[in-house]
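Trainee: Okay, so here is coords-v7.cif, and as you'll see once you scroll down, it has mmCIF, C-alpha atoms.
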```cif
data_start
#
loop_
_atom_site.label_atom_id
_atom_site.label_comp_id
_atom_site.auth_asym_id
_atom_site.auth_seq_id
_atom_site.Cartn_x
_atom_site.Cartn_y
_atom_site.Cartn_z
CA MET A 1 0.00 0.00 0.00
CA SER A 2 2.84 2.37 0.78
CA THR A 3 4.33 1.83 -2.69
CA LEU A 4 1.05 2.95 -4.19
CA LEU A 5 1.10 6.12 -2.09
CA THR A 6 4.68 6.87 -3.05
CA GLN A 7 3.83 6.38 -6.69
CA LEU A 8 0.88 8.77 -6.31
CA SER A 9 3.06 11.31 -4.60
CA ARG A 10 5.55 11.09 -7.49
CA ARG A 11 2.75 11.57 -10.04
CA SER A 12 1.22 14.51 -8.21
CA ALA A 13 2.44 17.04 -10.73
CA LEU A 14 1.01 15.10 -13.66
CA GLY A 15 -2.20 13.65 -12.24
CA GLY A 16 -3.31 16.54 -10.05
CA ILE A 17 -3.44 14.40 -6.91
CA LEU A 18 -1.23 15.39 -4.02
CA VAL A 19 -0.25 13.02 -1.26
CA ARG A 20 1.39 14.62 1.75
CA ARG A 21 2.45 13.54 5.17
CA ASN A 22 1.07 15.58 8.02
CA ALA A 23 2.79 16.26 11.35
CA VAL A 24 1.78 12.88 12.78
CA GLY A 25 3.13 11.05 9.77
CA ALA A 26 -0.17 10.00 8.26
CA MET A 27 -0.65 10.45 4.55
CA THR A 28 -3.39 12.81 3.34
CA PHE A 29 -4.86 13.20 -0.14
CA HIS A 30 -5.42 16.56 -1.81
CA SER A 31 -6.99 16.95 -5.19
CA ALA A 32 -5.12 20.13 -6.09
CA ALA A 33 -2.48 22.39 -4.71
CA ALA A 34 -3.94 25.02 -2.39
CA SER A 35 -1.86 27.80 -3.91
CA ARG A 36 -3.54 27.39 -7.31
CA PHE A 37 -6.93 28.65 -6.12
CA ARG A 38 -6.03 31.61 -3.92
CA ALA A 39 -7.89 34.69 -5.10
CA THR A 40 -5.69 37.68 -5.65
CA GLN A 41 -8.62 40.11 -5.78
CA THR A 42 -12.33 39.98 -5.04
CA PRO A 43 -14.33 38.91 -8.11
CA ARG A 44 -16.88 41.42 -9.41
CA LEU A 45 -20.16 39.66 -9.97
CA PHE A 46 -22.53 42.34 -11.22
CA GLY A 47 -20.44 45.36 -12.08
CA ASP A 48 -21.07 48.88 -10.78
CA GLU A 49 -24.81 48.61 -10.02
CA VAL A 50 -24.18 46.82 -6.70
CA PRO A 51 -22.61 49.27 -4.25
CA ASN A 52 -19.48 48.42 -2.35
CA PRO A 53 -20.34 47.77 1.32
CA GLN A 54 -17.45 49.94 2.48
CA THR A 55 -18.74 53.02 0.62
CA VAL A 56 -22.36 52.83 1.84
CA PRO A 57 -22.82 54.43 5.27
CA GLN A 58 -23.92 51.94 7.89
CA PRO A 59 -26.77 52.90 10.25
CA ALA A 60 -26.03 52.85 13.94
CA ALA A 61 -26.95 49.49 15.43
CA SER A 62 -29.67 49.58 18.06
CA ARG A 63 -30.91 46.49 19.83
CA ILE A 64 -33.75 48.37 21.48
CA LYS A 65 -35.24 49.67 18.22
CA GLY A 66 -35.94 46.17 16.88
CA SER A 67 -37.57 44.98 20.08
CA TYR A 68 -39.78 48.09 20.31
CA HIS A 69 -40.80 47.63 16.69
CA TRP A 70 -41.71 44.00 17.33
CA MET A 71 -43.70 44.90 20.47
CA ASN A 72 -45.57 47.65 18.59
CA GLU A 73 -46.49 45.22 15.80
CA ARG A 74 -47.85 42.73 18.34
CA ALA A 75 -49.78 45.46 20.16
CA VAL A 76 -51.43 46.69 16.96
CA SER A 77 -52.33 43.11 16.02
CA ILE A 78 -53.85 42.46 19.44
CA ILE A 79 -55.79 45.74 19.40
CA SER A 80 -57.30 44.96 15.99
CA VAL A 81 -58.88 41.69 17.20
CA PRO A 82 -61.46 43.23 19.61
CA LEU A 83 -62.14 46.08 17.17
CA LEU A 84 -63.07 43.66 14.40
CA ALA A 85 -65.01 41.43 16.81
CA THR A 86 -67.00 44.44 18.02
CA ALA A 87 -67.77 45.43 14.44
CA PHE A 88 -68.99 41.90 13.62
CA ILE A 89 -71.07 41.51 16.78
CA TYR A 90 -72.58 44.95 17.30
CA GLY A 91 -72.39 46.47 13.85
CA GLY A 92 -71.34 50.03 13.16
CA HIS A 93 -70.48 52.41 15.98
CA PRO A 94 -68.71 55.77 15.44
CA ILE A 95 -66.00 55.21 18.05
CA ASN A 96 -65.22 51.71 16.80
CA ASP A 97 -65.19 52.93 13.20
CA MET A 98 -62.74 55.73 14.05
CA LEU A 99 -60.45 53.34 15.90
CA MET A 100 -60.55 50.91 12.97
CA GLY A 101 -59.74 53.81 10.63
CA ILE A 102 -56.53 54.32 12.60
CA VAL A 103 -55.50 50.81 13.63
CA LEU A 104 -56.05 48.98 10.32
CA PRO A 105 -53.90 51.37 8.19
CA VAL A 106 -51.18 51.34 10.87
CA HIS A 107 -51.28 47.54 10.88
CA ALA A 108 -50.96 47.45 7.09
CA TYR A 109 -48.16 50.05 7.24
CA MET A 110 -46.15 47.95 9.68
CA GLY A 111 -46.60 44.82 7.58
CA PHE A 112 -45.55 46.47 4.32
CA GLN A 113 -42.68 48.21 6.12
CA GLN A 114 -41.28 44.80 7.02
CA VAL A 115 -41.61 43.69 3.39
CA LEU A 116 -39.67 46.76 2.27
CA LEU A 117 -37.00 46.19 4.91
CA ASP A 118 -36.60 42.56 3.86
CA TYR A 119 -36.57 42.95 0.08
CA PHE A 120 -35.32 46.52 -0.49
CA ASP A 121 -32.46 46.94 1.95
CA ALA A 122 -31.32 50.56 2.28
CA ARG A 123 -27.65 49.55 2.07
CA ARG A 124 -28.12 47.75 -1.22
CA TRP A 125 -30.91 49.82 -2.81
CA PRO A 126 -30.58 53.30 -1.22
CA VAL A 127 -32.69 55.26 -3.72
CA ILE A 128 -35.44 52.69 -4.33
CA SER A 129 -35.69 51.99 -0.61
CA ARG A 130 -36.20 55.66 0.21
CA VAL A 131 -38.75 56.17 -2.59
CA LEU A 132 -40.78 53.12 -1.54
CA LYS A 133 -40.63 54.15 2.12
CA TYR A 134 -42.07 57.60 1.32
CA ALA A 135 -44.66 56.05 -1.00
CA LEU A 136 -45.75 53.73 1.83
CA VAL A 137 -46.13 56.68 4.20
CA ALA A 138 -48.16 58.56 1.57
CA VAL A 139 -50.46 55.59 0.87
CA THR A 140 -50.98 55.03 4.59
CA GLY A 141 -51.84 58.69 5.09
CA LEU A 142 -54.27 58.60 2.16
CA SER A 143 -55.95 55.48 3.51
CA MET A 144 -56.34 57.11 6.93
CA PHE A 145 -57.80 60.19 5.26
CA GLY A 146 -60.18 58.00 3.25
CA ALA A 147 -61.27 56.17 6.39
CA TRP A 148 -61.85 59.52 8.11
CA ARG A 149 -63.96 60.73 5.14
CA ILE A 150 -66.04 57.53 5.14
CA ASN A 151 -66.56 57.83 8.90
CA THR A 152 -67.50 61.52 8.92
CA THR A 153 -69.44 62.02 5.69
CA ASP A 154 -70.77 58.55 4.93
CA VAL A 155 -72.15 55.59 6.89
CA GLY A 156 -68.90 54.55 8.66
CA LEU A 157 -66.36 51.85 7.94
CA THR A 158 -68.40 48.94 9.29
CA GLU A 159 -71.51 49.75 7.27
CA TYR A 160 -69.40 50.66 4.25
CA PHE A 161 -67.68 47.26 4.22
CA ALA A 162 -71.01 45.54 4.87
CA LYS A 163 -72.40 47.27 1.76
CA LEU A 164 -69.37 46.22 -0.26
CA TRP A 165 -69.64 42.64 1.01
CA ASN A 166 -73.30 42.39 0.08
CA ALA A 167 -73.15 44.44 -3.14
CA ASN A 168 -73.06 41.42 -5.43
CA LYS A 169 -75.97 39.79 -3.58
CA THR A 170 -78.15 42.89 -3.86
CA LYS A 171 -77.20 43.30 -7.52
CA LYS A 172 -78.26 39.72 -8.28
CA SER A 173 -81.51 40.02 -6.33
CA SER A 174 -82.41 43.32 -8.01
CA SER A 175 -81.64 41.92 -11.47
CA THR A 176 -83.76 38.81 -10.83
CA SER A 177 -86.66 40.90 -9.51
CA THR A 178 -86.61 43.16 -12.58
CA SER A 179 -86.43 40.19 -14.93
CA THR A 180 -89.44 38.50 -13.26
CA SER A 181 -91.48 41.73 -13.30
CA SER A 182 -90.68 42.38 -16.96
CA SER A 183 -91.84 38.89 -17.97
CA ASP A 184 -95.29 39.46 -16.44
#
```
In structure tokens, write the structure found in this file.
Mentor:
Amino acid sequence: MSTLLTQLSRRSALGGILVRRNAVGAMTFHSAAASRFRATQTPRLFGDEVPNPQTVPQPAASRIKGSYHWMNERAVSIISVPLLATAFIYGGHPINDMLMGIVLPVHAYMGFQQVLLDYFDARRWPVISRVLKYALVAVTGLSMFGAWRINTTDVGLTEYFAKLWNANKTKKSSSTSTSTSSSD
């Protein structure tokens, strides 16, 4: 067996297999010399569109910010459960409708904010991240304004969504009643 290993060690330059003795004296196999694959410089995968991590300013790390954000998301989720249950059980009430007009857009804002943080990292996509963040704030503000308009000038959010939910049913019933009266 040792003659085979010595023959392999002699053929290492031709066959690409290296056999070496380590400090203990045991023979080890290597498929290629380690010095052949040392990178002299970092390979560029995508070109200039991906920023260098050293040139992008890093935000200050804060362990407290993440935990507060997580607690606020859980609090908004927990608050929305009794609001929706009250709307289903008791129907429309102005106070409940106003609270839903605040809590539901904030809940959606926090969810989409996490999507933006996960998929559009500010260090990798600084411009797109900022544009989408401002667009999310604008859409959330518009949805709160729309909820306020529905609550103050219309029937309220609960009744509004009840009308939307039953719109197809009332449309079908009105179309069937007109078709039966026209056939008479």
Trainee: Can you list what the PyMOL selection byres ((chain A and resi 135-150) around 9) grabs from this structure, as JSON, numbers by chain?
Mentor: {"A": [97, 98, 100, 101, 102, 104, 105, 106, 108, 109, 112, 113, 130, 131, 132, 133, 134, 151, 152, 153, 154, 155, 156, 157, 160]}
Trainee: Report, in Å to a single decimal, how far apart atom CA of A:Asn72 and atom CA of A:Phe88 are.
Mentor: 24.6 Å
Trainee: Rounded to one decimal in Å, what is the spacing between atom CA of A:Ala162 and atom CA of A:Val76?
Mentor: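 One can read the atom CA of A:Ala162 to atom CA of A:Val76 distance as 23.0 Å.
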Trainee: Go through A:Thr158, A:Trp125, A:Ala75, A:Gly66 and flag the residue nearest A:Ile95, using all atoms listed in the file for the distances.
Mentor: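 Checking each candidate against A:Ile95, we get A:Thr158 as the closest.
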Trainee: For A:Trp70, which of A:Thr170, A:Thr86, A:Asn96, A:Gln114 is the closest residue, counting only C-alpha atoms?
Mentor: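 Closest candidate: A:Gln114.
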Trainee: How far is it from atom CA of A:Val127 to atom CA of A:Val115, in Å with one decimal?
Mentor: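 Spanning atom CA of A:Val127 to atom CA of A:Val115 is a straight-line distance of 16.2 Å.
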Trainee: Please put the answer as AutoDock Vina command-line options: centre and edge lengths, in Å with one decimal, of a box along x, y and z that encloses all listed atoms of stretch 72-85 of chain A plus 4 Å on each side.
Mentor:
```
--center_x -55.3 --center_y 44.5 --center_z 17.3 --size_x 27.4 --size_y 14.2 --size_z 13.8
```
Trainee: Where atoms are absent from stretch 122-136 of chain A, fill them in so it carries N, CA, C and O atoms, then output it as a PDB file, keeping the file's coordinate frame.
Mentor:
```
ATOM      1  N   ALA A 122     -31.816  49.212   2.547  1.00  0.00           N
ATOM      2  CA  ALA A 122     -31.320  50.560   2.280  1.00  0.00           C
ATOM      3  C   ALA A 122     -29.835  50.570   1.930  1.00  0.00           C
ATOM      4  O   ALA A 122     -29.376  51.470   1.224  1.00  0.00           O
ATOM      5  N   ARG A 123     -29.081  49.594   2.401  1.00  0.00           N
ATOM      6  CA  ARG A 123     -27.650  49.550   2.070  1.00  0.00           C
ATOM      7  C   ARG A 123     -27.424  49.092   0.645  1.00  0.00           C
ATOM      8  O   ARG A 123     -26.469  49.512  -0.001  1.00  0.00           O
ATOM      9  N   ARG A 124     -28.304  48.253   0.137  1.00  0.00           N
ATOM     10  CA  ARG A 124     -28.120  47.750  -1.220  1.00  0.00           C
ATOM     11  C   ARG A 124     -28.876  48.577  -2.254  1.00  0.00           C
ATOM     12  O   ARG A 124     -28.414  48.774  -3.370  1.00  0.00           O
ATOM     13  N   TRP A 125     -30.067  49.040  -1.910  1.00  0.00           N
ATOM     14  CA  TRP A 125     -30.910  49.820  -2.810  1.00  0.00           C
ATOM     15  C   TRP A 125     -31.247  51.155  -2.136  1.00  0.00           C
ATOM     16  O   TRP A 125     -32.376  51.362  -1.716  1.00  0.00           O
ATOM     17  N   PRO A 126     -30.311  52.088  -2.011  1.00  0.00           N
ATOM     18  CA  PRO A 126     -30.580  53.300  -1.220  1.00  0.00           C
ATOM     19  C   PRO A 126     -31.671  54.189  -1.819  1.00  0.00           C
ATOM     20  O   PRO A 126     -32.514  54.703  -1.078  1.00  0.00           O
ATOM     21  N   VAL A 127     -31.713  54.351  -3.107  1.00  0.00           N
ATOM     22  CA  VAL A 127     -32.690  55.260  -3.720  1.00  0.00           C
ATOM     23  C   VAL A 127     -34.076  54.607  -3.760  1.00  0.00           C
ATOM     24  O   VAL A 127     -35.076  55.215  -3.355  1.00  0.00           O
ATOM     25  N   ILE A 128     -34.147  53.377  -4.238  1.00  0.00           N
ATOM     26  CA  ILE A 128     -35.440  52.690  -4.330  1.00  0.00           C
ATOM     27  C   ILE A 128     -36.048  52.500  -2.950  1.00  0.00           C
ATOM     28  O   ILE A 128     -37.253  52.662  -2.771  1.00  0.00           O
ATOM     29  N   SER A 129     -35.201  52.181  -1.976  1.00  0.00           N
ATOM     30  CA  SER A 129     -35.690  51.990  -0.610  1.00  0.00           C
ATOM     31  C   SER A 129     -36.326  53.264  -0.069  1.00  0.00           C
ATOM     32  O   SER A 129     -37.404  53.236   0.525  1.00  0.00           O
ATOM     33  N   ARG A 130     -35.672  54.381  -0.286  1.00  0.00           N
ATOM     34  CA  ARG A 130     -36.200  55.660   0.210  1.00  0.00           C
ATOM     35  C   ARG A 130     -37.494  56.043  -0.513  1.00  0.00           C
ATOM     36  O   ARG A 130     -38.455  56.488   0.113  1.00  0.00           O
ATOM     37  N   VAL A 131     -37.542  55.837  -1.823  1.00  0.00           N
ATOM     38  CA  VAL A 131     -38.750  56.170  -2.590  1.00  0.00           C
ATOM     39  C   VAL A 131     -39.930  55.312  -2.137  1.00  0.00           C
ATOM     40  O   VAL A 131     -41.040  55.809  -1.919  1.00  0.00           O
ATOM     41  N   LEU A 132     -39.696  54.016  -1.973  1.00  0.00           N
ATOM     42  CA  LEU A 132     -40.780  53.120  -1.540  1.00  0.00           C
ATOM     43  C   LEU A 132     -41.216  53.414  -0.110  1.00  0.00           C
ATOM     44  O   LEU A 132     -42.398  53.288   0.215  1.00  0.00           O
ATOM     45  N   LYS A 133     -40.275  53.814   0.743  1.00  0.00           N
ATOM     46  CA  LYS A 133     -40.630  54.150   2.120  1.00  0.00           C
ATOM     47  C   LYS A 133     -41.548  55.383   2.155  1.00  0.00           C
ATOM     48  O   LYS A 133     -42.553  55.397   2.856  1.00  0.00           O
ATOM     49  N   TYR A 134     -41.206  56.407   1.366  1.00  0.00           N
ATOM     50  CA  TYR A 134     -42.070  57.600   1.320  1.00  0.00           C
ATOM     51  C   TYR A 134     -43.403  57.306   0.656  1.00  0.00           C
ATOM     52  O   TYR A 134     -44.438  57.851   1.042  1.00  0.00           O
ATOM     53  N   ALA A 135     -43.397  56.437  -0.358  1.00  0.00           N
ATOM     54  CA  ALA A 135     -44.660  56.050  -1.000  1.00  0.00           C
ATOM     55  C   ALA A 135     -45.554  55.301  -0.015  1.00  0.00           C
ATOM     56  O   ALA A 135     -46.772  55.509   0.005  1.00  0.00           O
ATOM     57  N   LEU A 136     -44.969  54.456   0.816  1.00  0.00           N
ATOM     58  CA  LEU A 136     -45.750  53.730   1.830  1.00  0.00           C
ATOM     59  C   LEU A 136     -46.345  54.689   2.848  1.00  0.00           C
ATOM     60  O   LEU A 136     -47.514  54.539   3.231  1.00  0.00           O
TER      61      LEU A 136
END
```
